[in-house]
$ cat structure.csv   # CSV, C-alpha atoms
chain,number,residue,atom,x,y,z
Q,1,MET,CA,10.9,16.6,49.9
Q,2,ASN,CA,9.4,20.0,50.0
Q,3,ARG,CA,5.9,20.0,48.4
Q,4,LYS,CA,5.8,23.7,47.9
Q,5,ILE,CA,8.9,23.6,45.7
Q,6,ILE,CA,7.4,20.8,43.6
Q,7,LYS,CA,4.2,22.8,43.2
Q,8,GLN,CA,6.1,26.0,42.1
Q,9,ALA,CA,8.2,23.9,39.7
Q,10,PHE,CA,5.0,22.4,38.2
Q,11,ILE,CA,3.4,25.8,37.7
Q,12,LYS,CA,6.6,27.1,36.0
Q,13,SER,CA,6.6,24.1,33.7
Q,14,LEU,CA,3.0,24.4,32.6
Q,15,PRO,CA,3.7,26.5,29.4
Q,16,VAL,CA,5.9,23.7,28.2
Q,17,MET,CA,3.4,21.0,28.9
Q,18,ALA,CA,1.1,21.6,26.0
Q,19,GLY,CA,4.0,22.2,23.6
Q,20,TYR,CA,5.9,19.1,24.6
Q,21,VAL,CA,2.9,16.8,24.6
Q,22,VAL,CA,1.9,18.0,21.1
Q,23,LEU,CA,5.5,18.0,19.7
Q,24,GLY,CA,6.2,14.6,21.4
Q,25,THR,CA,3.0,13.2,19.9
Q,26,GLY,CA,4.1,14.4,16.4
Q,27,PHE,CA,7.5,12.7,17.0
Q,28,GLY,CA,5.8,9.5,18.1
Q,29,ILE,CA,3.5,9.4,15.1
Q,30,LEU,CA,6.4,10.1,12.7
Q,31,LEU,CA,8.5,7.4,14.3
Q,32,ARG,CA,5.7,4.9,14.1
Q,33,THR,CA,5.2,5.9,10.4
Q,34,ALA,CA,8.8,5.1,9.8
Q,35,GLY,CA,8.3,1.6,11.2
Q,36,TYR,CA,9.5,2.1,14.8
Q,37,GLY,CA,7.1,1.3,17.6
Q,38,LEU,CA,6.5,2.2,21.2
Q,39,CYS,CA,9.8,0.9,22.7
Q,40,TRP,CA,11.8,3.0,20.2
Q,41,ALA,CA,9.8,6.1,21.0
Q,42,LEU,CA,10.2,5.5,24.7
Q,43,ALA,CA,14.0,4.8,24.5
Q,44,MET,CA,14.6,7.9,22.3
Q,45,SER,CA,12.6,10.2,24.5
Q,46,VAL,CA,14.2,8.9,27.8
Q,47,PHE,CA,17.8,8.6,26.7
Q,48,ILE,CA,18.3,11.3,23.9
Q,49,TYR,CA,15.7,13.8,25.1
Q,50,ALA,CA,16.3,16.5,22.4
Q,51,GLY,CA,13.2,17.6,20.6
Q,52,SER,CA,14.5,18.7,17.2
Q,53,MET,CA,17.2,16.1,17.2
Q,54,GLN,CA,14.7,13.3,17.6
Q,55,TYR,CA,12.7,14.5,14.6
Q,56,VAL,CA,16.0,14.6,12.6
Q,57,GLY,CA,16.8,11.2,14.1
Q,58,VAL,CA,13.7,9.7,12.5
Q,59,GLY,CA,15.1,10.7,9.1
Q,60,LEU,CA,18.5,9.2,10.0
Q,61,LEU,CA,16.9,5.9,11.0
Q,62,SER,CA,14.6,5.6,8.0
Q,63,GLY,CA,17.3,6.7,5.7
Q,64,GLY,CA,19.7,4.1,7.0
Q,65,ALA,CA,22.4,6.6,8.0
Q,66,SER,CA,25.9,5.6,9.0
Q,67,ILE,CA,27.3,5.9,12.5
Q,68,LEU,CA,29.6,8.8,11.4
Q,69,THR,CA,26.8,10.7,9.7
Q,70,THR,CA,24.6,10.2,12.8
Q,71,ALA,CA,27.3,11.4,15.1
Q,72,LEU,CA,28.1,14.5,13.0
Q,73,THR,CA,24.5,15.4,12.4
Q,74,THR,CA,23.8,15.1,16.1
Q,75,PHE,CA,26.8,17.3,16.8
Q,76,MET,CA,25.7,20.0,14.3
Q,77,VAL,CA,22.0,20.0,15.3
Q,78,ASN,CA,22.7,20.0,19.0
Q,79,ALA,CA,25.9,22.2,19.0
Q,80,ARG,CA,23.8,25.1,20.3
Q,81,HIS,CA,23.5,23.2,23.5
Q,82,LEU,CA,27.2,23.9,24.1
Q,83,PHE,CA,26.2,27.5,24.4
Q,84,TYR,CA,23.2,26.9,26.7
Q,85,SER,CA,25.5,24.9,29.0
Q,86,ILE,CA,28.1,27.6,28.9
Q,87,SER,CA,25.7,30.1,30.2
Q,88,MET,CA,24.6,27.7,33.0
Q,89,VAL,CA,28.1,26.8,34.2
Q,90,ASP,CA,28.0,29.1,37.2
Q,91,ARG,CA,24.3,28.5,38.0
Q,92,TYR,CA,24.6,24.7,38.2
Q,93,LYS,CA,28.0,24.7,39.9
Q,94,ASP,CA,26.8,23.7,43.3
Q,95,ALA,CA,23.9,21.5,42.2
Q,96,GLY,CA,25.6,18.4,43.8
Q,97,LYS,CA,23.7,15.1,43.1
Q,98,TYR,CA,21.2,16.9,40.9
Q,99,LYS,CA,23.9,18.2,38.5
Q,100,PRO,CA,24.1,15.2,36.1
Q,101,TYR,CA,20.4,15.2,35.5
Q,102,LEU,CA,20.2,19.0,35.2
Q,103,ILE,CA,22.9,18.9,32.5
Q,104,PHE,CA,21.3,16.0,30.7
Q,105,ALA,CA,17.8,17.6,30.7
Q,106,LEU,CA,18.9,21.1,29.4
Q,107,THR,CA,16.7,21.2,26.3
Q,108,ASP,CA,15.8,24.4,24.4
Q,109,GLU,CA,12.5,24.7,26.3
Q,110,THR,CA,14.0,24.0,29.8
Q,111,TYR,CA,16.7,26.5,29.0
Q,112,SER,CA,14.1,29.1,28.1
Q,113,LEU,CA,12.4,28.6,31.4
Q,114,LEU,CA,15.6,28.6,33.6
Q,115,PHE,CA,18.2,30.8,31.8
Q,116,ASP,CA,17.2,34.0,33.7
Q,117,GLY,CA,18.3,32.4,37.0
Q,118,ASN,CA,15.1,33.3,38.8
Q,119,ALA,CA,13.7,30.9,41.4
Q,120,PRO,CA,10.9,31.6,43.9
Q,121,ASP,CA,13.2,30.6,46.8
Q,122,GLN,CA,16.9,30.9,46.2
Q,123,LYS,CA,17.7,28.5,49.1
Q,124,HIS,CA,16.0,25.6,47.2
Q,125,ALA,CA,16.8,26.8,43.7
Q,126,THR,CA,18.5,23.6,42.7
Q,127,GLU,CA,15.6,21.3,43.7
Q,128,TYR,CA,13.2,23.8,41.9
Q,129,ARG,CA,15.3,23.6,38.7
Q,130,PHE,CA,15.5,19.8,39.0
Q,131,PHE,CA,11.7,19.5,39.2
Q,132,VAL,CA,11.1,21.9,36.3
Q,133,SER,CA,13.5,19.8,34.2
Q,134,LEU,CA,11.9,16.6,35.3
Q,135,PHE,CA,8.3,17.7,34.6
Q,136,ASN,CA,9.3,18.9,31.2
Q,137,GLN,CA,10.8,15.5,30.3
Q,138,CYS,CA,7.7,13.7,31.6
Q,139,TYR,CA,5.6,15.8,29.2
Q,140,TRP,CA,7.9,14.9,26.3
Q,141,VAL,CA,7.9,11.2,27.1
Q,142,THR,CA,4.1,11.2,27.6
Q,143,GLY,CA,3.6,12.9,24.2
Q,144,SER,CA,6.0,10.4,22.5
Q,145,VAL,CA,4.2,7.4,23.9
Q,146,LEU,CA,0.8,8.9,23.0
Q,147,GLY,CA,2.0,9.6,19.4
Q,148,SER,CA,3.4,6.1,19.0
Q,149,LEU,CA,0.1,4.6,20.2
Q,150,LEU,CA,-2.0,7.0,18.1
Q,151,GLY,CA,0.1,6.5,15.0
Q,152,ALA,CA,-0.9,2.9,15.0
Q,153,VAL,CA,-4.6,3.5,15.1
Q,154,LEU,CA,-5.2,6.9,13.5
Q,155,PRO,CA,-7.8,6.5,10.8
Q,156,PHE,CA,-6.5,9.4,8.6
Q,157,SER,CA,-3.3,10.1,6.9
Q,158,THR,CA,-0.8,12.0,9.0
Q,159,ALA,CA,1.2,13.2,5.9
Q,160,GLY,CA,2.5,16.7,6.6
Q,161,ILE,CA,2.7,16.3,10.4
Q,162,GLU,CA,6.5,16.7,10.0
Q,163,PHE,CA,5.9,20.3,9.3
Q,164,SER,CA,5.4,20.8,13.1
Q,165,MET,CA,9.2,20.8,13.5
Q,166,THR,CA,9.6,23.4,10.7
Q,167,ALA,CA,6.9,25.4,12.4
Q,168,LEU,CA,8.6,25.1,15.8
Q,169,PHE,CA,11.8,26.6,14.4
Q,170,ILE,CA,10.0,29.4,12.5
Q,171,ALA,CA,8.1,30.3,15.6
Q,172,SER,CA,11.3,30.4,17.7
Q,173,PHE,CA,13.1,32.4,15.0
Q,174,THR,CA,10.2,34.9,14.9
Q,175,GLU,CA,9.9,35.2,18.7
Q,176,ASN,CA,13.6,35.8,19.0
Q,177,TRP,CA,13.5,38.4,16.1
Q,178,LEU,CA,10.7,40.3,17.9
Q,179,SER,CA,12.3,40.2,21.3
Q,180,THR,CA,15.8,41.4,20.3
Q,181,GLY,CA,17.1,44.6,18.7
Q,182,ASP,CA,20.2,43.1,17.1
Q,183,HIS,CA,19.0,41.0,14.1
Q,184,ARG,CA,22.5,40.4,12.7
Q,185,PRO,CA,23.1,36.9,14.3
Q,186,ALA,CA,19.7,35.7,13.1
Q,187,LEU,CA,20.3,37.0,9.6
Q,188,THR,CA,23.8,35.6,9.5
Q,189,GLY,CA,22.4,32.2,10.4
Q,190,LEU,CA,19.8,32.4,7.6
Q,191,LEU,CA,21.9,33.8,4.8
Q,192,ALA,CA,25.1,31.7,5.6
Q,193,THR,CA,23.1,28.5,5.6
Q,194,LEU,CA,21.2,29.4,2.4
Q,195,LEU,CA,24.5,30.2,0.7
Q,196,CYS,CA,26.0,26.9,1.8
Q,197,LEU,CA,22.8,25.0,0.7
Q,198,ILE,CA,23.2,26.5,-2.8
Q,199,LEU,CA,27.0,25.9,-2.9
Q,200,PHE,CA,27.2,22.4,-1.4
Q,201,GLY,CA,23.7,20.9,-2.0
Q,202,PRO,CA,21.1,19.5,0.5
Q,203,GLU,CA,23.3,16.5,1.6
Q,204,ARG,CA,26.4,18.2,2.8
Q,205,PHE,CA,25.7,21.9,3.6
Q,206,LEU,CA,25.3,21.7,7.4
Q,207,ILE,CA,28.9,21.5,8.5
Q,208,PRO,CA,30.1,24.3,6.1
Q,209,ALA,CA,27.2,26.4,7.3
Q,210,MET,CA,28.1,26.0,10.9
Q,211,LEU,CA,31.7,26.9,10.2
Q,212,LEU,CA,30.7,29.9,8.1
Q,213,ILE,CA,28.3,31.1,10.8
Q,214,THR,CA,30.9,30.9,13.6
Q,215,LEU,CA,33.5,32.6,11.4
Q,216,ALA,CA,31.2,35.4,10.3
Q,217,LEU,CA,30.1,36.1,13.9
Q,218,SER,CA,33.7,36.0,15.1
Q,219,VAL,CA,34.9,38.4,12.5
Q,220,HIS,CA,32.0,40.7,13.5
Q,221,SER,CA,33.0,40.5,17.1
Q,222,LYS,CA,36.7,41.4,16.3
Q,223,ARG,CA,35.5,44.4,14.3
Q,224,LYS,CA,33.3,45.6,17.1
Q,225,ASP,CA,36.2,45.3,19.5
Q,226,ALA,CA,38.4,47.2,17.1
Q,227,ALA,CA,35.8,50.0,16.7
Q,228,ALA,CA,35.3,50.2,20.5
V,1,MET,CA,18.5,-10.3,12.0
V,2,ASN,CA,15.3,-8.2,12.4
V,3,SER,CA,15.2,-5.2,10.2
V,4,ILE,CA,13.1,-2.1,10.1
V,5,GLY,CA,12.9,-0.3,6.8
V,6,ASN,CA,16.4,0.0,5.4
V,7,ILE,CA,18.4,-1.1,8.4
V,8,SER,CA,18.7,-3.9,11.0
V,9,SER,CA,17.3,-3.2,14.5
V,10,MET,CA,20.9,-3.6,15.8
V,11,HIS,CA,22.1,-0.8,13.6
V,12,ALA,CA,19.1,1.3,14.6
V,13,ALA,CA,19.8,0.8,18.3
V,14,ILE,CA,23.4,1.9,17.7
V,15,LEU,CA,22.3,5.0,16.0
V,16,VAL,CA,19.9,5.8,18.9
V,17,ALA,CA,22.8,5.3,21.3
V,18,VAL,CA,25.1,7.5,19.3
V,19,MET,CA,22.5,10.3,19.3
V,20,ALA,CA,22.1,10.0,23.1
V,21,VAL,CA,25.8,10.0,23.8
V,22,VAL,CA,26.7,12.9,21.5
V,23,THR,CA,23.8,14.9,22.8
V,24,PHE,CA,24.8,14.4,26.4
V,25,LEU,CA,28.5,15.1,25.7
V,26,LEU,CA,27.6,18.4,24.1
V,27,ARG,CA,25.5,19.4,27.1
V,28,ALA,CA,28.2,18.3,29.6
V,29,LEU,CA,31.4,19.6,27.9
V,30,PRO,CA,31.2,23.2,29.0
V,31,PHE,CA,30.7,22.1,32.6
V,32,LEU,CA,34.0,20.1,32.4
V,33,VAL,CA,36.0,22.8,30.5
V,34,PHE,CA,34.8,26.1,32.0
V,35,HIS,CA,34.2,25.2,35.6
V,36,LYS,CA,36.3,28.2,36.7
V,37,GLN,CA,35.8,31.2,34.4
V,38,THR,CA,34.2,31.5,31.0
V,39,PRO,CA,36.4,33.3,28.4
V,40,PRO,CA,34.8,36.5,26.9
V,41,TYR,CA,34.9,35.0,23.3
V,42,ILE,CA,32.9,32.0,24.5
V,43,SER,CA,30.4,34.2,26.3
V,44,TYR,CA,30.0,36.2,23.1
V,45,LEU,CA,29.4,33.1,21.0
V,46,GLY,CA,27.0,31.9,23.7
V,47,ARG,CA,25.0,35.1,23.1
V,48,VAL,CA,25.0,35.3,19.3
V,49,LEU,CA,25.0,31.7,18.2
V,50,PRO,CA,21.6,30.5,19.4
V,51,PRO,CA,19.6,32.9,17.1
V,52,ALA,CA,21.9,32.1,14.2
V,53,ILE,CA,21.5,28.3,14.8
V,54,ILE,CA,17.7,28.6,14.8
V,55,GLY,CA,18.0,30.4,11.4
V,56,MET,CA,20.2,27.5,10.2
V,57,LEU,CA,17.6,25.0,11.4
V,58,VAL,CA,14.8,26.8,9.6
V,59,ILE,CA,16.7,26.4,6.3
V,60,TYR,CA,17.6,22.8,7.2
V,61,CYS,CA,13.9,21.9,7.5
V,62,LEU,CA,13.2,23.4,4.1
V,63,LYS,CA,16.2,22.0,2.3
V,64,ASP,CA,14.3,19.5,0.3
V,65,VAL,CA,11.7,21.9,-1.1
V,66,HIS,CA,11.8,22.1,-4.9
V,67,VAL,CA,11.0,25.5,-6.1
V,68,ILE,CA,11.1,24.6,-9.8
V,69,SER,CA,8.8,21.6,-9.9
V,70,ALA,CA,5.1,21.6,-8.7
V,71,PRO,CA,3.8,22.6,-6.1
V,72,HIS,CA,6.8,25.0,-6.1
V,73,GLY,CA,7.2,25.1,-2.3
V,74,ILE,CA,3.9,27.0,-2.1
V,75,PRO,CA,2.5,25.0,0.9
V,76,GLU,CA,5.8,25.6,2.8
V,77,LEU,CA,5.7,29.3,1.9
V,78,ILE,CA,2.1,29.9,3.0
V,79,ALA,CA,2.3,27.7,6.1
V,80,GLY,CA,5.6,29.3,7.1
V,81,LEU,CA,4.3,32.8,6.7
V,82,SER,CA,1.2,31.9,8.7
V,83,VAL,CA,3.5,30.8,11.5
V,84,VAL,CA,5.4,34.1,11.3
V,85,GLY,CA,2.2,36.1,11.2
V,86,LEU,CA,0.5,34.3,14.1
V,87,GLN,CA,3.7,34.4,16.2
V,88,ALA,CA,3.9,38.2,15.7
V,89,TRP,CA,0.3,38.6,16.5
V,90,LYS,CA,-0.3,36.3,19.4
V,91,ARG,CA,3.3,35.6,20.7
V,92,ASN,CA,2.2,32.1,21.6
V,93,SER,CA,4.4,29.4,20.0
V,94,LEU,CA,1.9,26.6,20.6
V,95,ILE,CA,-0.9,28.3,18.6
V,96,SER,CA,1.6,29.2,15.8
V,97,ILE,CA,2.9,25.7,15.5
V,98,LEU,CA,-0.5,23.9,15.6
V,99,ALA,CA,-2.1,26.3,13.2
V,100,GLY,CA,0.9,26.3,10.8
V,101,THR,CA,1.0,22.5,10.8
V,102,ALA,CA,-2.7,22.2,10.2
V,103,ILE,CA,-2.6,24.7,7.3
V,104,TYR,CA,0.3,22.8,5.8
V,105,MET,CA,-1.5,19.4,6.1
V,106,VAL,CA,-4.5,20.9,4.3
V,107,LEU,CA,-2.5,22.6,1.6
V,108,ILE,CA,-0.5,19.5,0.5
V,109,ARG,CA,-3.8,17.7,0.0
V,110,MET,CA,-5.2,20.6,-2.1
V,111,LEU,CA,-2.3,21.7,-4.3

$ encode --input "structure.csv" --output "structure tokens"
Amino acid sequence: MNRKIIKQAFIKSLPVMAGYVVLGTGFGILLRTAGYGLCWALAMSVFIYAGSMQYVGVGLLSGGASILTTALTTFMVNARHLFYSISMVDRYKDAGKYKPYLIFALTDETYSLLFDGNAPDQKHATEYRFFVSLFNQCYWVTGSVLGSLLGAVLPFSTAGIEFSMTALFIASFTENWLSTGDHRPALTGLLATLLCLILFGPERFLIPAMLLITLALSVHSKRKDAAA
Amino acid sequence: MNSIGNISSMHAAILVAVMAVVTFLLRALPFLVFHKQTPPYISYLGRVLPPAIIGMLVIYCLKDVHVISAPHGIPELIAGLSVVGLQAWKRNSLISILAGTAIYMVLIRML
């Protein structure tokens, strides 16, 4: 195995390291607070590996959700991954034995590192992407384990740590807002969801919101086509 | 049967498995369906949906905030605006998230 590629992948993954260790720790603490220990944190971070979904998952577990609710919520919260994958279809086409893991490990953060298609050496791009993905998951798992262990011994109350998920999304939203000129998709997401929350209440607004967002953006696309 | 909180550990294990399977299927589906050519409508959705979904998730996180009863969502408002302000200023998500969470944890103890 080429050590240079591993090193380049490690350097590329560094910005995610701090974020994943911290957010993973938050997840581990939260899960421990809900009554689920180390094995659960490890299992969830190894097999689910989806940051925001795992935070939401803590709520599903502690609320005693049904299988159907869990499946639907996972679908809604992670539906955006469909679109990450869509944009990686061509890039991962010839990834061979690495392909299943590359697909499994395509989280928001990994996507944000790899979506531009750049690689230091195009001949070994697949191995490079594999190691970036793998390093990221290692950080996430390390954080979760750390949080689970810390959650058991922390001398102070961790009430409010769950705001780290809210903060993550607000930061992503702001960053996206600042780096793009077209704010209509972002506004559509905010306003359509707010409308559905008011109409349907906090228990059942997510699915109508997703449908309304897709519909509103599709109508907009048709109009633009008609105008063009 | 062992139970944790509201549910048995068997039920909890099934929920974790469901989350894992659905998440993987969502990530894998486009590779199975569009292995030749991506239709323009799907490419369009791939471009505009991510920012809209992030907006949706922001609202989702704040869905249980009660504006009418005390503390009227003030901790969420101040901490949330701090995240926006820090992100606009430093453009570093880690700083924004850490500071915003710390501010929130202090505020809920004060208000």

$ atom_distance --input "structure.csv" --atom1 "CA of Leu23 in chain Q" --atom2 "CA of Pro75 in chain V"
20.3 Å

$ interface_residues --input "structure.csv" --of "chain Q" --to "chain V" --cutoff "7 Å" --atoms "all atoms listed in the file" --output "PDB file with C-alpha atoms, in the frame of the given file"
ATOM      1  CA  GLY Q  19       4.000  22.200  23.600  1.00  0.00           C
ATOM      2  CA  GLY Q  35       8.300   1.600  11.200  1.00  0.00           C
ATOM      3  CA  MET Q  44      14.600   7.900  22.300  1.00  0.00           C
ATOM      4  CA  PHE Q  47      17.800   8.600  26.700  1.00  0.00           C
ATOM      5  CA  ILE Q  48      18.300  11.300  23.900  1.00  0.00           C
ATOM      6  CA  LEU Q  61      16.900   5.900  11.000  1.00  0.00           C
ATOM      7  CA  SER Q  62      14.600   5.600   8.000  1.00  0.00           C
ATOM      8  CA  GLY Q  63      17.300   6.700   5.700  1.00  0.00           C
ATOM      9  CA  GLY Q  64      19.700   4.100   7.000  1.00  0.00           C
ATOM     10  CA  ILE Q  67      27.300   5.900  12.500  1.00  0.00           C
ATOM     11  CA  THR Q  70      24.600  10.200  12.800  1.00  0.00           C
ATOM     12  CA  ALA Q  71      27.300  11.400  15.100  1.00  0.00           C
ATOM     13  CA  THR Q  74      23.800  15.100  16.100  1.00  0.00           C
ATOM     14  CA  PHE Q  75      26.800  17.300  16.800  1.00  0.00           C
ATOM     15  CA  ASN Q  78      22.700  20.000  19.000  1.00  0.00           C
ATOM     16  CA  ALA Q  79      25.900  22.200  19.000  1.00  0.00           C
ATOM     17  CA  ARG Q  80      23.800  25.100  20.300  1.00  0.00           C
ATOM     18  CA  HIS Q  81      23.500  23.200  23.500  1.00  0.00           C
ATOM     19  CA  LEU Q  82      27.200  23.900  24.100  1.00  0.00           C
ATOM     20  CA  PHE Q  83      26.200  27.500  24.400  1.00  0.00           C
ATOM     21  CA  TYR Q  84      23.200  26.900  26.700  1.00  0.00           C
ATOM     22  CA  SER Q  85      25.500  24.900  29.000  1.00  0.00           C
ATOM     23  CA  ILE Q  86      28.100  27.600  28.900  1.00  0.00           C
ATOM     24  CA  SER Q  87      25.700  30.100  30.200  1.00  0.00           C
ATOM     25  CA  VAL Q  89      28.100  26.800  34.200  1.00  0.00           C
ATOM     26  CA  ILE Q 103      22.900  18.900  32.500  1.00  0.00           C
ATOM     27  CA  PHE Q 104      21.300  16.000  30.700  1.00  0.00           C
ATOM     28  CA  ALA Q 159       1.200  13.200   5.900  1.00  0.00           C
ATOM     29  CA  GLY Q 160       2.500  16.700   6.600  1.00  0.00           C
ATOM     30  CA  ILE Q 161       2.700  16.300  10.400  1.00  0.00           C
ATOM     31  CA  PHE Q 163       5.900  20.300   9.300  1.00  0.00           C
ATOM     32  CA  SER Q 164       5.400  20.800  13.100  1.00  0.00           C
ATOM     33  CA  THR Q 166       9.600  23.400  10.700  1.00  0.00           C
ATOM     34  CA  ALA Q 167       6.900  25.400  12.400  1.00  0.00           C
ATOM     35  CA  LEU Q 168       8.600  25.100  15.800  1.00  0.00           C
ATOM     36  CA  PHE Q 169      11.800  26.600  14.400  1.00  0.00           C
ATOM     37  CA  ILE Q 170      10.000  29.400  12.500  1.00  0.00           C
ATOM     38  CA  ALA Q 171       8.100  30.300  15.600  1.00  0.00           C
ATOM     39  CA  PHE Q 173      13.100  32.400  15.000  1.00  0.00           C
ATOM     40  CA  THR Q 174      10.200  34.900  14.900  1.00  0.00           C
ATOM     41  CA  GLU Q 175       9.900  35.200  18.700  1.00  0.00           C
ATOM     42  CA  ASN Q 176      13.600  35.800  19.000  1.00  0.00           C
ATOM     43  CA  PRO Q 185      23.100  36.900  14.300  1.00  0.00           C
ATOM     44  CA  ALA Q 186      19.700  35.700  13.100  1.00  0.00           C
ATOM     45  CA  LEU Q 187      20.300  37.000   9.600  1.00  0.00           C
ATOM     46  CA  THR Q 188      23.800  35.600   9.500  1.00  0.00           C
ATOM     47  CA  GLY Q 189      22.400  32.200  10.400  1.00  0.00           C
ATOM     48  CA  LEU Q 190      19.800  32.400   7.600  1.00  0.00           C
ATOM     49  CA  THR Q 193      23.100  28.500   5.600  1.00  0.00           C
ATOM     50  CA  LEU Q 194      21.200  29.400   2.400  1.00  0.00           C
ATOM     51  CA  PRO Q 202      21.100  19.500   0.500  1.00  0.00           C
TER      52      PRO Q 202
END

$ atom_distance --input "structure.csv" --atom1 "CA of Glu162 in chain Q" --atom2 "CA of Gly26 in chain Q"
7.2 Å

$ residues_around --input "structure.csv" --residues "Arg91 in chain Q" --least-positions-apart "5" --cutoff "12 Å" --atoms "all atoms listed in the file" --output "ChimeraX atom specification"
/Q:84-86,96,99,102-103,111,114-119,122,125-126,129 /V:31,35

$ atom_distance --input "structure.csv" --atom1 "CA of Ile68 in chain V" --atom2 "CA of Arg204 in chain Q"
20.8 Å

$ closest_residue --input "structure.csv" --among "Q:Ala95, Q:Ser157, Q:Ser66, Q:Met210" --to "Tyr128 in chain Q" --atoms "only C-alpha atoms"
Q:Ala95
